[in-house]
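K.L.:
My structure is in final_2.csv, and what it holds is CSV, C-alpha atoms:
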```csv
chain,number,residue,atom,x,y,z
A,642,MET,CA,-3.1,-3.4,-30.2
A,643,ALA,CA,-4.2,-4.3,-26.6
A,644,GLU,CA,-6.5,-1.8,-24.9
A,645,ILE,CA,-6.9,-0.4,-21.4
A,646,VAL,CA,-10.6,-0.9,-20.8
A,647,TYR,CA,-10.7,-0.2,-17.1
A,648,ALA,CA,-8.8,2.2,-14.8
A,649,ALA,CA,-9.5,3.0,-11.2
A,650,GLY,CA,-7.9,4.1,-7.9
A,651,ALA,CA,-9.1,3.1,-4.5
A,652,PRO,CA,-7.9,2.9,-0.9
A,653,HIS,CA,-7.1,-0.4,0.8
A,654,ALA,CA,-7.3,0.4,4.6
A,655,PRO,CA,-7.6,-2.9,6.5
A,656,GLY,CA,-10.5,-1.5,8.5
A,657,LEU,CA,-12.6,-1.5,5.3
A,658,ILE,CA,-13.0,-5.2,5.9
A,659,GLY,CA,-12.4,-6.0,9.6
A,660,LEU,CA,-14.0,-2.9,11.0
A,661,LEU,CA,-16.7,-2.1,8.4
A,662,GLU,CA,-19.6,-3.8,10.1
A,663,ALA,CA,-19.1,-1.6,13.2
A,664,ALA,CA,-18.8,1.6,11.2
A,665,PRO,CA,-21.7,4.2,11.1
A,666,ALA,CA,-24.3,3.6,8.4
A,667,ASP,CA,-23.4,6.7,6.3
A,668,VAL,CA,-19.7,5.5,6.3
A,669,LYS,CA,-20.7,2.0,5.3
A,670,ASP,CA,-22.9,3.4,2.5
A,671,VAL,CA,-19.9,5.2,0.9
A,672,VAL,CA,-17.6,2.3,1.3
A,673,THR,CA,-20.1,-0.2,-0.1
A,674,SER,CA,-21.3,1.9,-3.0
A,675,THR,CA,-17.7,2.8,-4.0
A,676,TYR,CA,-16.4,-0.7,-4.2
A,677,ARG,CA,-19.6,-2.1,-5.6
A,678,SER,CA,-19.4,0.5,-8.4
A,679,LEU,CA,-15.8,-0.4,-9.1
A,680,ALA,CA,-16.6,-4.1,-9.1
A,681,ASP,CA,-19.5,-3.7,-11.4
A,682,ALA,CA,-17.4,-1.6,-13.8
A,683,MET,CA,-14.7,-4.1,-13.7
A,684,ALA,CA,-17.1,-6.9,-14.6
A,685,SER,CA,-18.6,-4.8,-17.4
A,686,ALA,CA,-15.2,-4.1,-18.9
A,687,LYS,CA,-14.7,-7.8,-19.6
A,688,ALA,CA,-11.0,-7.5,-19.1
A,689,ASP,CA,-8.6,-10.4,-19.9
A,690,VAL,CA,-6.1,-9.4,-17.1
A,691,LEU,CA,-6.0,-7.0,-14.2
A,692,ILE,CA,-2.7,-5.3,-13.3
A,693,VAL,CA,-2.7,-3.9,-9.8
A,694,PHE,CA,-0.2,-1.4,-8.5
A,695,ALA,CA,0.0,-1.1,-4.7
A,696,ASN,CA,2.3,-0.1,-1.9
A,697,ASP,CA,4.4,-3.1,-0.8
A,698,HIS,CA,4.4,-1.8,2.9
A,699,LEU,CA,7.8,-3.4,3.5
A,700,ALA,CA,6.0,-6.8,3.4
A,701,ASN,CA,8.3,-8.6,1.0
A,702,SER,CA,11.8,-7.2,1.2
A,703,LYS,CA,14.3,-6.1,3.8
A,704,VAL,CA,15.1,-2.4,4.0
A,705,ARG,CA,18.6,-2.8,2.7
A,706,ALA,CA,17.5,-4.6,-0.5
A,707,TYR,CA,14.3,-2.8,-1.3
A,708,PRO,CA,12.9,-2.8,-4.9
A,709,ASP,CA,10.9,0.1,-6.2
A,710,PHE,CA,8.7,-2.2,-8.2
A,711,LEU,CA,8.2,-5.9,-7.6
A,712,ILE,CA,6.1,-8.0,-10.0
A,713,GLY,CA,4.2,-11.1,-8.9
A,714,MET,CA,4.6,-13.8,-11.5
A,715,ALA,CA,2.9,-16.6,-9.8
A,716,ALA,CA,0.3,-18.7,-11.6
A,717,GLU,CA,-1.9,-18.4,-8.5
A,718,HIS,CA,-1.9,-15.7,-5.9
A,719,ARG,CA,-2.8,-16.6,-2.4
A,720,GLY,CA,-3.5,-14.2,0.4
A,721,PRO,CA,-3.4,-12.7,2.9
A,722,TYR,CA,0.0,-13.6,4.2
A,723,GLU,CA,-0.4,-15.4,7.6
A,724,TRP,CA,0.6,-12.6,10.0
A,725,PHE,CA,-1.8,-10.0,8.3
A,726,LYS,CA,-4.9,-12.2,8.4
A,727,PRO,CA,-6.2,-11.3,11.9
A,728,TRP,CA,-5.3,-7.7,11.4
A,729,ILE,CA,-7.3,-7.4,8.2
A,730,GLY,CA,-10.0,-9.7,9.5
A,731,CYS,CA,-10.5,-11.6,6.2
A,732,GLU,CA,-10.5,-15.1,5.0
A,733,ASP,CA,-8.0,-16.7,2.7
A,734,TYR,CA,-8.4,-16.1,-1.0
A,735,THR,CA,-6.9,-17.4,-4.3
A,736,VAL,CA,-6.7,-15.4,-7.5
A,737,LYS,CA,-5.5,-16.7,-10.8
A,738,GLY,CA,-2.3,-15.1,-12.0
A,739,SER,CA,-0.9,-14.5,-15.4
A,740,PRO,CA,2.7,-15.6,-15.6
A,741,GLU,CA,2.8,-14.7,-19.3
A,742,VAL,CA,1.6,-11.1,-18.9
A,743,ALA,CA,3.8,-10.8,-15.8
A,744,ALA,CA,6.9,-11.9,-17.7
A,745,ALA,CA,6.0,-9.7,-20.7
A,746,LEU,CA,5.6,-6.8,-18.3
A,747,PHE,CA,9.0,-7.4,-16.7
A,748,ASP,CA,10.7,-7.6,-20.1
A,749,GLY,CA,8.8,-4.7,-21.6
A,750,MET,CA,9.5,-2.3,-18.7
A,751,THR,CA,13.2,-3.3,-18.7
A,752,ARG,CA,13.4,-2.6,-22.4
A,753,ARG,CA,11.8,0.8,-21.7
A,754,GLY,CA,14.5,1.7,-19.0
A,755,ILE,CA,12.3,1.0,-16.0
A,756,ARG,CA,14.0,-1.2,-13.4
A,757,MET,CA,11.5,-3.6,-12.0
A,758,PHE,CA,12.0,-6.9,-10.1
A,759,ALA,CA,9.9,-10.0,-10.5
A,760,GLN,CA,9.3,-13.1,-8.4
A,761,ASN,CA,7.9,-16.5,-9.3
A,762,GLU,CA,7.0,-17.3,-5.7
A,763,ASN,CA,3.7,-16.1,-4.2
A,764,LEU,CA,4.3,-12.5,-2.9
A,765,LYS,CA,3.3,-11.7,0.7
A,766,PHE,CA,0.1,-9.7,0.5
A,767,ASP,CA,-1.3,-7.6,3.3
A,768,ASP,CA,-4.2,-5.1,2.9
A,769,ASN,CA,-2.5,-3.7,-0.3
A,770,ILE,CA,-3.9,-6.5,-2.5
A,771,SER,CA,-6.2,-8.3,-0.1
A,772,VAL,CA,-8.7,-5.4,0.3
A,773,PRO,CA,-9.3,-4.6,-3.3
A,774,VAL,CA,-9.3,-8.3,-4.3
A,775,LEU,CA,-12.1,-9.0,-1.8
A,776,LEU,CA,-14.1,-5.7,-2.1
A,777,THR,CA,-14.1,-5.7,-5.9
A,778,ASN,CA,-14.6,-9.5,-6.2
A,779,VAL,CA,-11.5,-10.2,-8.2
A,780,ALA,CA,-11.3,-13.6,-6.7
A,781,GLY,CA,-14.9,-14.4,-7.6
A,782,SER,CA,-14.7,-12.9,-11.1
A,783,GLY,CA,-12.0,-15.2,-12.3
A,784,ILE,CA,-10.0,-12.4,-14.0
A,785,PRO,CA,-6.3,-13.2,-13.9
A,786,MET,CA,-4.3,-10.7,-11.8
A,787,VAL,CA,-0.7,-9.4,-12.1
A,788,PRO,CA,0.2,-7.6,-8.8
A,789,VAL,CA,3.0,-5.0,-8.9
A,790,LEU,CA,4.1,-4.0,-5.4
A,791,GLN,CA,5.9,-0.6,-5.3
A,792,ASN,CA,8.0,1.4,-2.9
A,793,CYS,CA,5.9,4.2,-1.6
A,794,THR,CA,7.5,4.6,1.8
A,795,VAL,CA,11.2,3.7,1.9
A,796,PRO,CA,13.4,6.7,1.0
A,797,PRO,CA,14.4,7.5,-1.6
A,798,ILE,CA,10.9,7.1,-2.9
A,799,PRO,CA,10.1,7.4,-6.7
A,800,ASP,CA,8.2,10.6,-6.7
A,801,GLN,CA,5.1,11.6,-8.7
A,802,ARG,CA,7.0,12.5,-11.9
A,803,ARG,CA,8.9,9.2,-11.8
A,804,CYS,CA,5.8,7.2,-11.2
A,805,TYR,CA,4.0,9.0,-14.0
A,806,GLU,CA,6.9,8.1,-16.3
A,807,VAL,CA,6.6,4.5,-15.2
A,808,GLY,CA,2.9,4.7,-16.0
A,809,LYS,CA,3.6,6.1,-19.4
A,810,ALA,CA,6.0,3.2,-20.1
A,811,LEU,CA,3.3,0.8,-18.8
A,812,GLY,CA,0.7,2.3,-21.2
A,813,ASP,CA,3.2,1.9,-24.1
A,814,PHE,CA,3.9,-1.7,-23.0
A,815,ILE,CA,0.2,-2.5,-22.9
A,816,ARG,CA,-0.5,-1.0,-26.3
A,817,ASN,CA,2.5,-2.3,-28.1
A,818,ASP,CA,3.7,-5.5,-26.5
A,819,LEU,CA,0.6,-7.4,-25.3
A,820,PRO,CA,-1.4,-9.4,-27.8
A,821,ALA,CA,-3.8,-7.5,-30.1
A,822,ASP,CA,-7.3,-7.3,-28.8
A,823,MET,CA,-6.2,-8.1,-25.2
A,824,ARG,CA,-8.4,-6.1,-22.8
A,825,VAL,CA,-6.5,-4.8,-19.7
A,826,ALA,CA,-7.8,-3.4,-16.4
A,827,LEU,CA,-5.6,-1.2,-14.2
A,828,LEU,CA,-6.1,-0.5,-10.5
A,829,GLY,CA,-4.0,1.8,-8.3
A,830,SER,CA,-4.5,0.6,-4.7
A,831,GLY,CA,-3.7,2.9,-1.9
A,832,GLY,CA,-4.3,6.1,0.1
A,833,LEU,CA,-6.1,8.3,0.9
A,834,SER,CA,-4.5,10.4,3.7
A,835,HIS,CA,-3.2,8.3,6.6
A,836,GLU,CA,-0.1,8.0,8.9
A,837,PRO,CA,0.4,4.4,9.8
A,838,GLY,CA,2.9,4.0,12.6
A,839,GLY,CA,3.2,7.7,13.2
A,840,ALA,CA,2.4,10.0,16.1
A,841,ARG,CA,-0.6,11.1,14.1
A,842,TYR,CA,-1.9,7.6,13.6
A,843,TYR,CA,-5.5,8.7,13.8
A,844,PHE,CA,-5.0,11.8,11.7
A,845,ILE,CA,-7.1,12.1,8.4
A,846,ASP,CA,-6.6,15.1,6.2
A,847,GLU,CA,-10.0,15.7,4.8
A,848,GLU,CA,-9.1,18.8,2.9
A,849,PHE,CA,-6.2,17.1,1.2
A,850,ASP,CA,-8.3,14.0,0.3
A,851,ARG,CA,-11.1,16.1,-1.2
A,852,TRP,CA,-8.6,18.1,-3.2
A,853,PHE,CA,-6.9,15.0,-4.5
A,854,LEU,CA,-10.1,13.2,-5.5
A,855,ASP,CA,-11.3,16.3,-7.4
A,856,LEU,CA,-8.0,16.8,-9.0
A,857,VAL,CA,-7.6,13.2,-10.3
A,858,ALA,CA,-11.2,13.2,-11.5
A,859,SER,CA,-10.6,16.4,-13.4
A,860,GLY,CA,-8.0,14.9,-15.7
A,861,ASP,CA,-5.6,17.8,-15.2
A,862,HIS,CA,-2.3,15.9,-15.0
A,863,GLU,CA,-0.1,18.9,-15.4
A,864,LYS,CA,-1.6,20.3,-12.1
A,865,LEU,CA,-1.3,16.9,-10.6
A,866,LEU,CA,2.4,16.5,-11.3
A,867,ASN,CA,3.1,20.1,-10.2
A,868,GLU,CA,1.3,19.9,-6.9
A,869,LEU,CA,1.1,16.2,-5.7
A,870,THR,CA,4.6,16.4,-4.3
A,871,LEU,CA,6.1,13.9,-1.8
A,872,GLU,CA,6.2,16.8,0.7
A,873,LYS,CA,2.5,17.5,0.3
A,874,MET,CA,1.7,13.9,0.7
A,875,GLU,CA,3.9,13.5,3.8
A,876,ALA,CA,2.2,16.6,5.3
A,877,ALA,CA,-1.1,14.8,4.8
A,878,GLY,CA,0.0,11.7,6.6
A,879,SER,CA,3.6,10.5,6.8
A,880,GLY,CA,4.5,7.1,5.4
A,881,GLY,CA,1.0,6.4,4.2
A,882,THR,CA,-0.5,9.1,1.9
A,883,ALA,CA,2.3,8.7,-0.6
A,884,GLU,CA,0.9,5.3,-1.7
A,885,LEU,CA,-1.3,7.5,-3.9
A,886,LEU,CA,1.7,7.2,-6.2
A,887,SER,CA,0.1,3.9,-7.3
A,888,TRP,CA,-2.8,5.9,-8.7
A,889,VAL,CA,-0.2,8.1,-10.4
A,890,VAL,CA,1.2,5.1,-12.2
A,891,VAL,CA,-2.3,4.3,-13.5
A,892,LEU,CA,-2.8,7.9,-14.6
A,893,GLY,CA,0.5,7.9,-16.5
A,894,ALA,CA,-0.7,4.8,-18.4
A,895,ILE,CA,-4.1,6.1,-19.4
A,896,GLY,CA,-3.2,9.8,-20.0
A,897,SER,CA,-5.5,12.6,-19.3
A,898,LYS,CA,-9.1,11.3,-18.8
A,899,PRO,CA,-12.0,12.5,-16.7
A,900,GLY,CA,-13.0,10.3,-13.8
A,901,LYS,CA,-15.9,9.7,-11.5
A,902,SER,CA,-15.7,9.8,-7.7
A,903,PHE,CA,-18.2,7.9,-5.6
A,904,GLY,CA,-18.1,10.1,-2.6
A,905,TYR,CA,-15.8,10.5,0.3
A,906,THR,CA,-16.0,9.5,4.0
A,907,VAL,CA,-13.9,9.4,7.1
A,908,HIS,CA,-14.1,7.1,10.1
A,909,LYS,CA,-11.6,7.4,13.0
A,910,ASP,CA,-11.3,3.6,13.3
A,911,PHE,CA,-10.3,3.3,9.6
A,912,LYS,CA,-7.4,5.7,10.3
A,913,CYS,CA,-7.6,6.6,6.6
A,914,GLY,CA,-9.8,8.7,4.3
A,915,VAL,CA,-11.9,6.7,1.9
A,916,GLY,CA,-12.9,7.5,-1.7
A,917,GLY,CA,-12.4,5.9,-5.1
A,918,VAL,CA,-12.2,7.1,-8.7
A,919,LEU,CA,-13.1,5.3,-11.9
A,920,TRP,CA,-11.7,6.9,-15.0
A,921,ASP,CA,-13.7,7.0,-18.2
A,922,MET,CA,-11.9,4.7,-20.7
A,923,SER,CA,-14.5,5.0,-23.4
A,924,PRO,CA,-12.7,6.0,-26.6
A,925,ASN,CA,-14.7,9.1,-27.5
A,926,MET,CA,-14.5,10.9,-24.1
A,927,PRO,CA,-12.8,14.3,-23.9
A,928,LYS,CA,-9.3,14.3,-22.4
A,929,SER,CA,-10.3,16.2,-19.3
A,930,ARG,CA,-13.2,18.1,-17.9
A,931,ALA,CA,-11.1,21.3,-18.3
A,932,ALA,CA,-10.8,20.6,-22.0
A,933,ALA,CA,-14.4,19.5,-22.4
B,821,MET,CA,7.3,12.9,13.1
B,822,GLY,CA,8.0,11.5,9.6
B,823,LEU,CA,10.7,9.8,7.7
B,824,GLU,CA,13.4,12.5,8.3
B,825,LYS,CA,15.2,10.4,11.0
B,826,PHE,CA,15.0,7.1,9.1
B,827,ASN,CA,18.2,5.1,9.4
B,828,PRO,CA,18.1,2.3,6.9
B,829,SER,CA,20.9,0.4,8.6
B,830,LEU,CA,19.2,-0.1,11.9
B,831,ALA,CA,19.1,-3.8,12.8
B,832,THR,CA,15.7,-3.5,14.4
B,833,HIS,CA,14.2,-3.3,10.9
B,834,ASP,CA,15.5,-6.9,10.3
B,835,LEU,CA,14.2,-8.1,13.6
B,836,ILE,CA,10.7,-6.8,12.8
B,837,GLN,CA,10.7,-8.2,9.3
B,838,ASP,CA,11.8,-11.6,10.6
B,839,LEU,CA,9.1,-11.6,13.3
B,840,LYS,CA,6.4,-10.9,10.7
B,841,TRP,CA,7.6,-13.7,8.5
B,842,SER,CA,8.1,-16.4,11.1
B,843,PRO,CA,5.5,-17.7,13.6
B,844,GLU,CA,8.2,-19.7,15.2
B,845,LEU,CA,10.4,-16.7,15.9
B,846,ARG,CA,7.3,-14.8,17.3
B,847,GLU,CA,6.8,-17.7,19.7
B,848,GLU,CA,10.4,-17.6,20.8
B,849,PHE,CA,10.3,-13.8,21.1
B,850,ALA,CA,7.3,-14.0,23.4
B,851,ALA,CA,8.9,-16.7,25.5
B,852,ASN,CA,12.5,-15.5,25.6
B,853,GLU,CA,13.0,-12.1,24.1
B,854,ALA,CA,16.6,-11.7,25.2
B,855,THR,CA,17.7,-14.8,23.3
B,856,VAL,CA,16.2,-13.5,20.1
B,857,LEU,CA,17.6,-10.0,20.6
B,858,ASP,CA,21.1,-11.5,21.1
B,859,ARG,CA,21.0,-12.6,17.4
B,860,TYR,CA,20.8,-9.1,16.0
B,861,LEU,CA,23.5,-6.4,15.9
B,862,LEU,CA,21.6,-4.0,18.0
B,863,ARG,CA,23.2,-0.8,19.3
B,864,LYS,CA,23.1,-0.5,23.1
B,865,ASP,CA,20.5,2.3,23.0
B,866,GLU,CA,18.5,0.5,20.4
B,867,ARG,CA,18.3,-2.7,22.5
B,868,HIS,CA,17.4,-0.6,25.6
B,869,ALA,CA,14.6,1.1,23.7
B,870,ILE,CA,13.2,-2.2,22.6
B,871,GLU,CA,13.4,-3.7,26.1
B,872,THR,CA,11.6,-0.7,27.6
B,873,ARG,CA,9.1,-0.4,24.8
B,874,ASN,CA,10.2,3.1,24.1
B,875,PHE,CA,9.0,3.7,20.6
B,876,LEU,CA,9.9,7.4,20.8
B,877,ALA,CA,13.5,6.5,21.4
B,878,LEU,CA,13.4,4.0,18.5
B,879,TYR,CA,12.1,6.6,16.1
B,880,ASP,CA,14.7,9.1,17.3
B,881,ILE,CA,17.5,6.7,16.4
B,882,GLY,CA,15.9,5.9,13.0
B,883,LEU,CA,13.3,3.2,13.1
B,884,HIS,CA,11.0,3.4,10.1
B,885,PRO,CA,7.5,4.4,11.4
B,886,TYR,CA,5.7,1.8,9.3
B,887,LEU,CA,7.7,-0.9,10.8
B,888,GLY,CA,7.3,0.8,14.2
B,889,GLY,CA,3.5,0.4,13.9
B,890,GLN,CA,4.0,-3.3,13.0
B,891,PHE,CA,6.4,-3.8,16.0
B,892,ALA,CA,3.7,-2.4,18.3
B,893,ARG,CA,1.3,-5.0,16.9
B,894,LEU,CA,3.9,-7.7,17.3
B,895,ILE,CA,4.2,-6.8,21.0
B,896,PHE,CA,0.7,-5.7,22.0
B,897,GLY,CA,-1.7,-7.5,19.6
B,898,ASN,CA,-2.6,-7.8,16.0
B,899,GLU,CA,-6.3,-8.5,15.8
B,900,ALA,CA,-8.6,-6.0,14.1
B,901,GLY,CA,-10.4,-3.8,16.6
B,902,LYS,CA,-8.9,-5.6,19.6
B,903,GLY,CA,-5.1,-6.1,20.1
B,904,ALA,CA,-4.3,-4.0,17.1
B,905,THR,CA,-6.2,-1.0,18.6
B,906,VAL,CA,-4.3,-1.4,21.9
B,907,ALA,CA,-1.1,-1.5,19.9
B,908,VAL,CA,-1.9,1.7,18.1
B,909,ASN,CA,-2.9,3.5,21.3
B,910,LYS,CA,0.3,2.4,23.1
B,911,LEU,CA,2.4,3.4,20.2
B,912,VAL,CA,0.8,6.9,19.9
B,913,GLU,CA,1.2,7.3,23.7
B,914,SER,CA,4.9,6.6,23.4
B,915,LEU,CA,5.4,8.9,20.4
B,916,GLN,CA,3.5,11.7,22.0
B,917,GLY,CA,6.1,12.0,24.7
B,918,LYS,CA,5.5,9.3,27.3
B,919,GLY,CA,8.5,7.2,26.1
B,920,PRO,CA,8.3,3.7,27.6
B,921,VAL,CA,4.8,2.1,27.4
B,922,ALA,CA,5.5,-1.4,28.6
```
Can you turn what I pasted into structure tokens?

P.N.:
Amino acid sequence: MAEIVYAAGAPHAPGLIGLLEAAPADVKDVVTSTYRSLADAMASAKADVLIVFANDHLANSKVRAYPDFLIGMAAEHRGPYEWFKPWIGCEDYTVKGSPEVAAALFDGMTRRGIRMFAQNENLKFDDNISVPVLLTNVAGSGIPMVPVLQNCTVPPIPDQRRCYEVGKALGDFIRNDLPADMRVALLGSGGLSHEPGGARYYFIDEEFDRWFLDLVASGDHEKLLNELTLEKMEAAGSGGTAELLSWVVVLGAIGSKPGKSFGYTVHKDFKCGVGGVLWDMSPNMPKSRAAA
Amino acid sequence: MGLEKFNPSLATHDLIQDLKWSPELREEFAANEATVLDRYLLRKDERHAIETRNFLALYDIGLHPYLGGQFARLIFGNEAGKGATVAVNKLVESLQGKGPVA
């Protein structure tokens, strides 16, 4: 039985790379310590493969033919896509892929009633994959990656309950379809509150962000599913905050676990709240803080 | 202003996607915008909103805001902290009621 040995959620705002140097020191401290902690934990987990769920941001498909989930099956993932490079302010990177795990994921999710799409060609990556890959040193670590780009912004959007169901199927796939003893890392890339392209482009909902980070770290998934509605996420930043649904997929896969947050910060130029959570995947941990 | 006015059939969505995906089309758009616009089945009000850089009007007829943000960068600049900041400010200016921001 394969095992999930790492599970985390983190934002991917482009400014975390291109505008970090010019940010105030206290902001830089939170960003740097958050991603360093996530990178260190990923390295310690000694995972055989990393599966990343992230908002596609309308980067790969036209509006009239828009998949809810798109798996990258390439043997090598290159990014960022040409047009996004100056916007993110990062260099090119290459990450090893895992066509075998990607194909098994596509087959396994299909068998479990989850409609996903898959593509052999290199997907177009913007900040969704580029920021976590670079800030958590995925490229340097050599861990193979399977990206899954999801629809977090084109109505009708799979809501928190659907994404949690997708996550449960993902967990079942990992435990039952992947080779025994395979060690799997999961990352939900997206959020926190932001409104890209909206009239409130500079709006950051600190109250929502702190509520969300505390909630997902608590392990109380019943409360999460009842309260993290699309309406609530839209109110906290239309068209952007709902990419926290990528975290929900990861939570569905791991089930109720306590997590650790590494602080929270806001910076106007990032146009996004920043904070990450690492869930405790050690086998003897209580299911949640509430249950502890 | 959120997704409530989103019109998935709007041709401007295809224009923006194509511009993102093709450096050659971006060059042509910059040199001869009208020729590029002629290739898309744009409504009259939709084309007028593009030509006058009226993002508020585009959102009112159903442009997806995420693509609206990218369209602003395609027009005003895409570099972190430089053109991209100009683009955001122009977009917000339009959406907050100023209409055309050319």

K.L.:
Using only C-alpha atoms, which residues sit within 9 Å of B:Ala900 once same-chain residues fewer than 3 positions away are excluded, as an MDAnalysis selection string?

P.N.:
(chainID A and resid 655:656 659:660 727:730) or (chainID B and resid 897 903:905)

K.L.:
Take atom CA of A:Val671 and atom CA of A:Val915 and report the distance between them in Å, one decimal.

P.N.:
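Rounded to one decimal, the two atoms are 8.2 Å apart.
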
K.L.:
Please build the interface table for chain B against chain A with a cut-off of 6 Å, listing for each qualifying residue the nearest atom pair and the distance in Å to one decimal; count all atoms listed in the file, order rows by chain and increasing number, and write it as a tab-separated table.

P.N.:
```
residue	atom	partner	partner_atom	distance
B:Gly822	CA	A:Ser879	CA	5.3
B:Pro885	CA	A:Gly838	CA	4.8
B:Tyr886	CA	A:Gly838	CA	4.9
B:Gly888	CA	A:Gly838	CA	5.7
B:Gly889	CA	A:Gly838	CA	3.9
B:Asn898	CA	A:Trp728	CA	5.3
B:Glu899	CA	A:Trp728	CA	4.6
B:Ala900	CA	A:Trp728	CA	4.6
B:Val912	CA	A:Ala840	CA	5.2
B:Leu915	CA	A:Ala840	CA	5.4
```

K.L.:
So that I can see what lies close to B:Val856, please list as a ChimeraX atom specification the residues with an atom at most 9 Å from it, counting all atoms listed in the file and leaving out residues fewer than 4 positions away in the same chain.

P.N.:
/B:835,845,848-849,852,860

K.L.:
Please determine, counting all atoms listed in the file, which residue among A:Ala810, A:Ala858, A:Ala744, A:Leu776 has the shortest atom-to-atom distance to A:Leu661.

P.N.:
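When distances to A:Leu661 are compared using all atoms listed in the file, the smallest one comes from A:Leu776.
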
K.L.:
Show which residues sit within 8 Å of A:Val857, as an MDAnalysis selection string. Count all atoms listed in the file, and ignore same-chain residues fewer than 4 positions away.

P.N.:
chainID A and resid 853 861:862 865 899:900 918

K.L.:
Using all atoms listed in the file, determine which residues lie at most 12 Å from B:Asp858, disregarding the query and same-chain residues fewer than 4 positions distant; provide the list as a PDB file with C-alpha atoms, keeping the file's coordinate frame.

P.N.:
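Contents of result21.pdb, as written:
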```pdb
ATOM      1  CA  ALA B 831      19.100  -3.800  12.800  1.00  0.00           C
ATOM      2  CA  THR B 832      15.700  -3.500  14.400  1.00  0.00           C
ATOM      3  CA  LEU B 835      14.200  -8.100  13.600  1.00  0.00           C
ATOM      4  CA  PHE B 849      10.300 -13.800  21.100  1.00  0.00           C
ATOM      5  CA  ASN B 852      12.500 -15.500  25.600  1.00  0.00           C
ATOM      6  CA  GLU B 853      13.000 -12.100  24.100  1.00  0.00           C
ATOM      7  CA  ALA B 854      16.600 -11.700  25.200  1.00  0.00           C
ATOM      8  CA  LEU B 862      21.600  -4.000  18.000  1.00  0.00           C
ATOM      9  CA  ARG B 863      23.200  -0.800  19.300  1.00  0.00           C
ATOM     10  CA  LYS B 864      23.100  -0.500  23.100  1.00  0.00           C
ATOM     11  CA  ARG B 867      18.300  -2.700  22.500  1.00  0.00           C
TER      12      ARG B 867
END
```
